[in-house]
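Structure below is start.cif: mmCIF, C-alpha atoms.
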data_final
#
loop_
_atom_site.label_atom_id
_atom_site.label_comp_id
_atom_site.auth_asym_id
_atom_site.auth_seq_id
_atom_site.Cartn_x
_atom_site.Cartn_y
_atom_site.Cartn_z
CA MET B 74 72.30 77.98 141.88
CA ILE B 75 68.79 78.22 140.48
CA GLY B 76 66.92 76.17 137.93
CA LEU B 77 63.77 76.42 135.85
CA ASP B 78 61.73 74.94 138.72
CA HIS B 79 62.77 77.85 140.96
CA VAL B 80 61.63 80.39 138.38
CA ARG B 81 58.32 78.57 137.87
CA ALA B 82 57.75 78.46 141.64
CA ALA B 83 58.37 82.22 141.77
CA ALA B 84 55.87 82.76 138.95
CA LYS B 85 53.26 80.86 140.95
CA ARG B 86 53.94 82.97 144.03
CA LEU B 87 53.72 86.19 142.01
CA ARG B 88 50.50 85.27 140.21
CA GLY B 89 47.82 87.86 140.96
CA VAL B 90 50.35 90.16 142.66
CA ALA B 91 52.85 91.15 139.96
CA ARG B 92 51.65 92.42 136.62
CA ARG B 93 52.01 90.41 133.44
CA THR B 94 53.76 93.15 131.50
CA PRO B 95 53.14 93.60 127.77
CA ILE B 96 55.27 92.78 124.74
CA ILE B 97 55.66 95.82 122.49
CA THR B 98 56.78 95.71 118.87
CA SER B 99 57.76 98.38 116.38
CA ALA B 100 58.08 98.18 112.60
CA THR B 101 60.57 101.06 112.82
CA ILE B 102 62.84 99.17 115.19
CA ASP B 103 62.55 96.01 113.09
CA ASP B 104 63.56 97.97 110.01
CA MET B 105 66.49 99.57 111.83
CA THR B 106 67.84 96.25 113.06
CA GLY B 107 66.82 93.80 110.35
CA ALA B 108 65.35 91.64 113.09
CA THR B 109 62.03 90.92 114.76
CA VAL B 110 62.40 92.71 118.09
CA LEU B 111 60.02 92.00 120.95
CA LEU B 112 60.27 94.42 123.87
CA LYS B 113 59.29 93.16 127.32
CA ALA B 114 58.10 96.38 128.96
CA GLU B 115 58.97 95.94 132.64
CA SER B 116 58.56 99.70 132.96
CA PHE B 117 54.86 98.81 133.40
CA GLN B 118 55.54 96.49 136.33
CA ARG B 119 54.48 97.53 139.84
CA THR B 120 56.98 100.10 141.19
CA GLY B 121 58.10 100.69 137.60
CA SER B 122 60.66 97.91 137.17
CA PHE B 123 61.28 94.16 137.19
CA LYS B 124 62.69 94.50 140.71
CA PHE B 125 59.26 94.01 142.26
CA ARG B 126 59.29 90.39 141.08
CA GLY B 127 62.41 89.45 143.01
CA ALA B 128 61.63 91.52 146.09
CA TYR B 129 58.14 90.10 146.50
CA ASN B 130 59.27 86.52 145.86
CA ARG B 131 61.87 86.87 148.63
CA ILE B 132 59.82 88.81 151.17
CA SER B 133 56.64 86.75 150.80
CA SER B 134 58.72 83.64 151.54
CA LEU B 135 59.98 84.90 154.92
CA PRO B 136 58.92 83.20 158.18
CA SER B 137 55.85 84.58 159.93
CA ASP B 138 57.93 85.84 162.87
CA THR B 139 60.07 88.15 160.70
CA LYS B 140 60.39 91.57 162.35
CA GLY B 141 61.08 93.56 159.21
CA VAL B 142 63.30 93.84 156.15
CA ALA B 143 66.30 95.94 155.20
CA ALA B 144 67.79 96.62 151.77
CA PHE B 145 70.37 98.69 149.91
CA SER B 146 69.60 100.11 146.50
CA SER B 147 70.12 102.96 144.07
CA GLY B 148 66.36 103.18 143.59
CA ASN B 149 64.41 100.47 141.81
CA HIS B 150 65.06 97.68 144.32
CA ALA B 151 64.37 100.19 147.08
CA GLN B 152 60.88 100.88 145.76
CA ALA B 153 60.24 97.19 145.16
CA VAL B 154 61.23 96.23 148.70
CA ALA B 155 59.15 99.04 150.15
CA LEU B 156 55.99 97.95 148.36
CA ALA B 157 56.56 94.22 148.82
CA ALA B 158 57.14 94.71 152.53
CA ARG B 159 53.97 96.78 152.83
CA LEU B 160 51.96 94.09 151.03
CA CYS B 161 53.38 91.50 153.42
CA GLY B 162 52.71 93.64 156.50
CA LEU B 163 56.36 94.26 157.39
CA PRO B 164 58.33 97.44 158.15
CA ALA B 165 61.20 98.23 155.78
CA VAL B 166 64.34 100.34 155.95
CA VAL B 167 66.40 101.04 152.83
CA VAL B 168 69.91 102.43 152.39
CA MET B 169 70.03 104.70 149.32
CA PRO B 170 72.82 106.89 147.87
CA THR B 171 72.68 110.62 148.46
CA ASP B 172 72.68 111.19 144.68
CA ALA B 173 69.82 108.79 143.97
CA PRO B 174 67.13 110.41 141.81
CA GLU B 175 64.74 112.34 144.04
CA SER B 176 61.77 110.67 142.38
CA LYS B 177 63.04 107.23 143.42
CA VAL B 178 63.68 108.32 147.00
CA ALA B 179 60.22 109.90 147.21
CA ALA B 180 58.55 106.79 145.81
CA THR B 181 60.40 104.54 148.28
CA SER B 182 59.24 106.69 151.19
CA GLY B 183 55.78 106.86 149.67
CA TYR B 184 55.49 103.08 149.74
CA GLY B 185 56.18 103.23 153.47
CA ALA B 186 59.89 102.48 153.86
CA GLU B 187 62.34 104.43 156.00
CA VAL B 188 65.18 105.78 153.84
CA ILE B 189 68.73 106.22 155.15
CA THR B 190 71.25 107.82 152.78
CA TYR B 191 74.96 107.20 152.17
CA ASP B 192 77.74 108.36 149.81
CA ARG B 193 78.03 105.75 147.05
CA TYR B 194 81.58 106.83 146.17
CA THR B 195 83.09 106.54 149.66
CA GLN B 196 80.89 104.12 151.64
CA ASP B 197 80.08 100.42 151.29
CA ARG B 198 76.31 100.11 150.86
CA GLU B 199 76.24 96.37 151.49
CA ALA B 200 78.12 96.71 154.77
CA LEU B 201 75.77 99.50 155.83
CA GLY B 202 72.74 97.42 154.94
CA ARG B 203 73.99 94.37 156.84
CA GLU B 204 74.81 96.48 159.89
CA LEU B 205 71.39 98.10 159.84
CA ALA B 206 69.63 94.75 159.48
CA GLY B 207 71.64 93.32 162.36
CA ASP B 208 70.97 96.27 164.65
CA ARG B 209 67.21 96.03 164.10
CA GLY B 210 66.84 92.29 163.87
CA PHE B 211 65.57 92.62 160.29
CA VAL B 212 66.18 90.32 157.33
CA LEU B 213 68.39 91.76 154.60
CA VAL B 214 66.86 91.47 151.12
CA PRO B 215 69.68 91.79 148.55
CA PRO B 216 68.96 93.41 145.19
CA TYR B 217 70.25 90.42 143.19
CA ASP B 218 72.58 88.05 145.06
CA ASP B 219 69.92 85.72 146.43
CA GLN B 220 68.31 82.59 145.01
CA LEU B 221 64.72 83.73 145.55
CA VAL B 222 65.44 87.22 144.23
CA MET B 223 67.07 85.85 141.06
CA ALA B 224 64.21 83.41 140.52
CA GLY B 225 61.63 86.15 140.94
CA GLN B 226 63.41 88.44 138.52
CA GLY B 227 63.66 85.57 136.07
CA THR B 228 59.87 85.44 135.81
CA ALA B 229 60.12 88.43 133.46
CA GLY B 230 61.93 86.12 131.06
CA LEU B 231 59.52 83.26 131.66
CA GLU B 232 56.65 85.53 130.67
CA LEU B 233 58.57 86.80 127.66
CA PHE B 234 59.11 83.26 126.35
CA ASP B 235 55.44 82.45 126.83
CA GLN B 236 54.23 85.63 125.13
CA ALA B 237 56.76 85.87 122.30
CA GLY B 238 57.12 82.24 121.27
CA GLU B 239 60.42 81.04 119.81
CA LEU B 240 63.31 83.43 120.37
CA ASP B 241 66.86 83.24 119.06
CA VAL B 242 68.39 85.89 121.30
CA VAL B 243 67.53 87.47 124.65
CA VAL B 244 69.13 90.77 125.64
CA ALA B 245 68.93 92.44 129.06
CA PRO B 246 70.73 95.12 131.07
CA VAL B 247 73.27 93.94 133.62
CA SER B 248 73.75 95.59 137.00
CA GLY B 249 74.42 93.03 139.72
CA GLY B 250 73.27 90.39 137.26
CA GLY B 251 70.02 89.14 138.80
CA VAL B 252 67.49 89.62 136.03
CA ILE B 253 69.73 88.26 133.31
CA ALA B 254 70.70 85.29 135.50
CA GLY B 255 67.04 84.46 136.07
CA CYS B 256 66.09 84.97 132.42
CA ALA B 257 69.06 82.95 131.20
CA THR B 258 68.19 80.12 133.58
CA ALA B 259 64.65 79.93 132.22
CA GLY B 260 65.49 80.60 128.58
CA THR B 261 68.33 78.14 128.14
CA ALA B 262 66.31 75.44 129.88
CA LEU B 263 63.32 75.98 127.60
CA ARG B 264 65.25 76.32 124.34
CA ARG B 265 68.61 74.73 123.70
CA GLY B 266 70.97 77.08 121.90
CA MET B 267 69.24 80.32 122.89
CA ARG B 268 71.78 83.17 122.98
CA VAL B 269 71.66 85.37 126.09
CA ILE B 270 73.59 88.63 125.99
CA GLY B 271 73.97 91.25 128.70
CA VAL B 272 74.52 94.98 128.32
CA GLU B 273 76.40 97.39 130.60
CA PRO B 274 77.32 101.07 130.35
CA GLU B 275 80.81 101.72 129.01
CA ALA B 276 81.85 103.22 132.32
CA GLY B 277 80.52 100.27 134.34
CA ASP B 278 81.62 97.08 132.60
CA ASP B 279 82.44 95.03 135.70
CA THR B 280 80.58 91.93 134.50
CA ARG B 281 82.16 92.05 131.04
CA ARG B 282 85.63 92.31 132.60
CA SER B 283 84.80 89.54 135.05
CA LEU B 284 83.65 87.15 132.32
CA ARG B 285 86.84 87.73 130.38
CA ALA B 286 88.99 87.26 133.48
CA GLY B 287 87.10 84.17 134.65
CA ARG B 288 86.64 85.71 138.11
CA ARG B 289 84.81 88.61 139.72
CA VAL B 290 86.58 91.88 138.94
CA ALA B 291 85.91 95.05 140.92
CA ILE B 292 85.96 98.51 139.36
CA GLU B 293 85.39 101.97 140.76
CA VAL B 294 81.76 103.00 141.11
CA PRO B 295 80.92 104.03 137.53
CA ARG B 296 79.81 107.53 136.65
CA THR B 297 76.99 107.15 134.16
CA ILE B 298 73.45 108.41 133.59
CA ALA B 299 72.34 104.79 134.04
CA ASP B 300 71.98 105.07 137.82
CA GLY B 301 70.45 101.60 138.04
CA LEU B 302 73.61 100.07 136.56
CA GLN B 303 76.18 101.70 138.85
CA VAL B 304 77.48 98.47 140.37
CA SER B 305 81.21 98.00 140.89
CA ILE B 306 81.39 94.19 141.06
CA PRO B 307 79.05 91.34 140.01
CA GLY B 308 77.23 89.38 142.68
CA GLU B 309 78.80 86.09 143.77
CA LEU B 310 75.74 83.97 143.04
CA THR B 311 74.73 85.83 139.90
CA PHE B 312 78.23 85.61 138.46
CA GLU B 313 78.30 81.84 138.84
CA VAL B 314 75.07 81.61 136.84
CA ASN B 315 76.06 84.18 134.23
CA ARG B 316 79.53 82.79 133.57
CA ARG B 317 77.86 79.52 132.54
CA LEU B 318 74.89 80.84 130.58
CA LEU B 319 75.75 84.17 128.96
CA GLU B 320 77.24 84.26 125.49
CA ASP B 321 78.66 87.73 126.06
CA VAL B 322 78.27 91.15 127.67
CA VAL B 323 78.57 94.26 125.49
CA THR B 324 78.62 97.94 126.40
CA VAL B 325 76.78 101.10 125.36
CA SER B 326 77.62 104.77 125.82
CA ASP B 327 75.52 107.25 127.74
CA GLN B 328 74.79 108.93 124.41
CA ASP B 329 73.46 105.60 123.07
CA LEU B 330 71.12 105.45 126.06
CA VAL B 331 69.84 108.98 125.48
CA GLN B 332 69.15 108.28 121.81
CA THR B 333 67.31 105.09 122.71
CA ILE B 334 65.03 106.56 125.36
CA ALA B 335 64.20 109.36 122.91
CA LEU B 336 63.33 106.83 120.19
CA LEU B 337 61.14 104.82 122.56
CA PHE B 338 59.29 107.97 123.55
CA GLU B 339 58.86 109.41 120.09
CA ARG B 340 58.03 106.23 118.15
CA LEU B 341 56.48 103.90 120.74
CA LYS B 342 55.14 106.57 123.16
CA ILE B 343 56.64 104.88 126.22
CA VAL B 344 58.97 106.24 128.90
CA VAL B 345 61.99 104.14 129.84
CA GLU B 346 64.80 105.20 132.16
CA PRO B 347 68.39 105.11 130.84
CA SER B 348 69.25 101.86 132.63
CA GLY B 349 66.14 100.19 131.28
CA ALA B 350 67.01 101.08 127.68
CA ALA B 351 70.50 99.51 127.69
CA GLY B 352 69.45 96.27 125.99
CA LEU B 353 67.71 97.98 123.11
CA ALA B 354 70.54 100.50 122.77
CA ALA B 355 72.97 97.65 122.14
CA VAL B 356 70.66 96.05 119.57
CA LEU B 357 70.17 99.35 117.75
CA GLY B 358 73.89 100.13 117.89
CA GLY B 359 74.84 96.94 116.08
CA SER B 360 77.09 95.50 118.77
CA ILE B 361 74.94 92.34 118.80
CA ASP B 362 74.38 90.36 115.60
CA VAL B 363 70.59 90.07 115.38
CA ALA B 364 69.89 90.30 111.63
CA GLY B 365 67.15 87.88 110.62
CA ARG B 366 66.61 86.74 114.22
CA ARG B 367 63.76 86.91 116.71
CA VAL B 368 65.08 88.97 119.60
CA GLY B 369 63.59 89.45 123.04
CA VAL B 370 64.74 92.60 124.86
CA ILE B 371 64.03 93.38 128.52
CA LEU B 372 63.16 97.07 129.03
CA SER B 373 63.96 96.78 132.69
CA GLY B 374 62.46 99.96 134.16
CA GLY B 375 60.86 103.33 133.64
CA ASN B 376 61.57 105.21 136.85
CA VAL B 377 62.69 108.64 135.72
CA SER B 378 61.17 111.97 136.67
CA ALA B 379 59.56 114.16 134.02
CA GLU B 380 62.12 116.88 134.66
CA ARG B 381 65.15 114.61 134.25
CA PHE B 382 63.67 112.84 131.24
CA ALA B 383 63.09 116.16 129.50
CA LYS B 384 66.66 117.31 130.22
CA LEU B 385 68.07 114.06 128.88
CA ILE B 386 66.30 114.13 125.54
CA GLN B 387 66.35 117.87 124.85
CA GLY B 388 68.93 118.27 122.12
CA ARG B 389 69.93 114.63 122.73
CA GLN B 390 72.52 115.89 125.20
CA VAL B 391 73.83 113.75 128.04
CA ILE B 392 72.92 115.31 131.39
CA PRO B 393 74.59 113.32 134.24
#
Take the structure from the file and write it as structure tokens.
Amino acid sequence: MIGLDHVRAAAKRLRGVARRTPIITSATIDDMTGATVLLKAESFQRTGSFKFRGAYNRISSLPSDTKGVAAFSSGNHAQAVALAARLCGLPAVVVMPTDAPESKVAATSGYGAEVITYDRYTQDREALGRELAGDRGFVLVPPYDDQLVMAGQGTAGLELFDQAGELDVVVAPVSGGGVIAGCATAGTALRRGMRVIGVEPEAGDDTRRSLRAGRRVAIEVPRTIADGLQVSIPGELTFEVNRRLLEDVVTVSDQDLVQTIALLFERLKIVVEPSGAAGLAAVLGGSIDVAGRRVGVILSGGNVSAERFAKLIQGRQVIP
């Protein structure tokens, strides 16, 4: 389990390394929702997502005799591990799915990591990552199911609370559950009664099902344009945090995600990937009661190629 002290320690470790990402507001979005919406733009974080926070917090804490690091990721954690390892002077190898966006694979390689691909629909990425780490004598850096990773990711929330002041509701995308676990840990400790709500794609609602069942529920690997949210079961550690601290998890459709990234581009002039827009999509869609409230929303990442982004928003059609 993690506490506020863990998140604050991570913030200290990240100071001067991670970016303090901006809060963006929009009168249009406020009018559409009847709320005061404050968007934490993690798309402006190093490597383009909040994942750098957790990866660097974990890797910079490793012993000096560490040989290297290994990871498994659909893209954003891969890039984060690659850069964090480079900054810490360590080699990195990352297992990525064959259908990962080419831009994410290229960026991971560009940061210096070796990329090994697998089929996400037939192979177990975690088993492959552990085997690879064992063979090379490297340390495995999980994308979410790790105390230091969760604490690092939670610094996005810690910054949000400092920048935005009093908040009634915090909304964030849910993949393995790391960022929302970290943000919920910080937020509920700083303000009693704060509502924390997660958002998943309709096709990938493993955390929502798990919360309702009271145990971790596995689903098939979801097919959704939100490639960063294609997890089939919540993490063990993250689920224990989230089952205590989350009010609920709601879902959004792929079409909701497309409409939201188009709105963010056209009205706020920022690029957010489909996964990163899930929180705002739920707020805009009305599945979370936010009227009259101050709402913090994590825009978790912006790693999408120009070509794919254009295809997604042209005609507002869903392009898997």
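For the residues B:Asp197, B:Asp219, B:Asp104, B:Glu293, ranking by smallest atom-to-atom distance to B:Glu309 using all atoms listed in the file places B:Asp219 first.
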Please, what distance in Å, to one decimal, runs between atom CA of B:Ala151 and atom CA of B:Gln236? 28.2 Å
Selection result of the PyMOL selection byres ((chain B and resi 369) around 8) on this file, as a PyMOL selection string: chain B and resi 110-113+233+237+240+242-244+367-368+370-371
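Using only C-alpha atoms, the nearest neighbour of B:Ser122 within the list B:Ile386, B:Ile75, B:Leu372, B:Ile189 is B:Leu372.
Within the 12 Å cut-off around B:Gly266, using all atoms listed in the file and omitting residues fewer than 3 positions from it on the same chain, the listed residues are B:Glu239, B:Leu240, B:Asp241, B:Val242, B:Val243, B:Ala257, B:Gly260, B:Thr261, B:Ala262, B:Leu263, B:Val269, B:Leu318, B:Leu319, B:Glu320.
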Quick one: write out the picked residues with C-alpha atoms as an mmCIF file, keeping the file's coordinate frame?
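Final file, selection-v6.cif:
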data_model
loop_
_atom_site.group_PDB
_atom_site.id
_atom_site.type_symbol
_atom_site.label_atom_id
_atom_site.label_comp_id
_atom_site.auth_asym_id
_atom_site.auth_seq_id
_atom_site.Cartn_x
_atom_site.Cartn_y
_atom_site.Cartn_z
ATOM 1 C CA GLU B 239 60.420 81.040 119.810
ATOM 2 C CA LEU B 240 63.310 83.430 120.370
ATOM 3 C CA ASP B 241 66.860 83.240 119.060
ATOM 4 C CA VAL B 242 68.390 85.890 121.300
ATOM 5 C CA VAL B 243 67.530 87.470 124.650
ATOM 6 C CA ALA B 257 69.060 82.950 131.200
ATOM 7 C CA GLY B 260 65.490 80.600 128.580
ATOM 8 C CA THR B 261 68.330 78.140 128.140
ATOM 9 C CA ALA B 262 66.310 75.440 129.880
ATOM 10 C CA LEU B 263 63.320 75.980 127.600
ATOM 11 C CA VAL B 269 71.660 85.370 126.090
ATOM 12 C CA LEU B 318 74.890 80.840 130.580
ATOM 13 C CA LEU B 319 75.750 84.170 128.960
ATOM 14 C CA GLU B 320 77.240 84.260 125.490
#
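Nearest residue to B:Ala144 among B:Arg131, B:Arg317, B:Arg268, B:Arg288 is B:Arg131, counting all atoms listed in the file.
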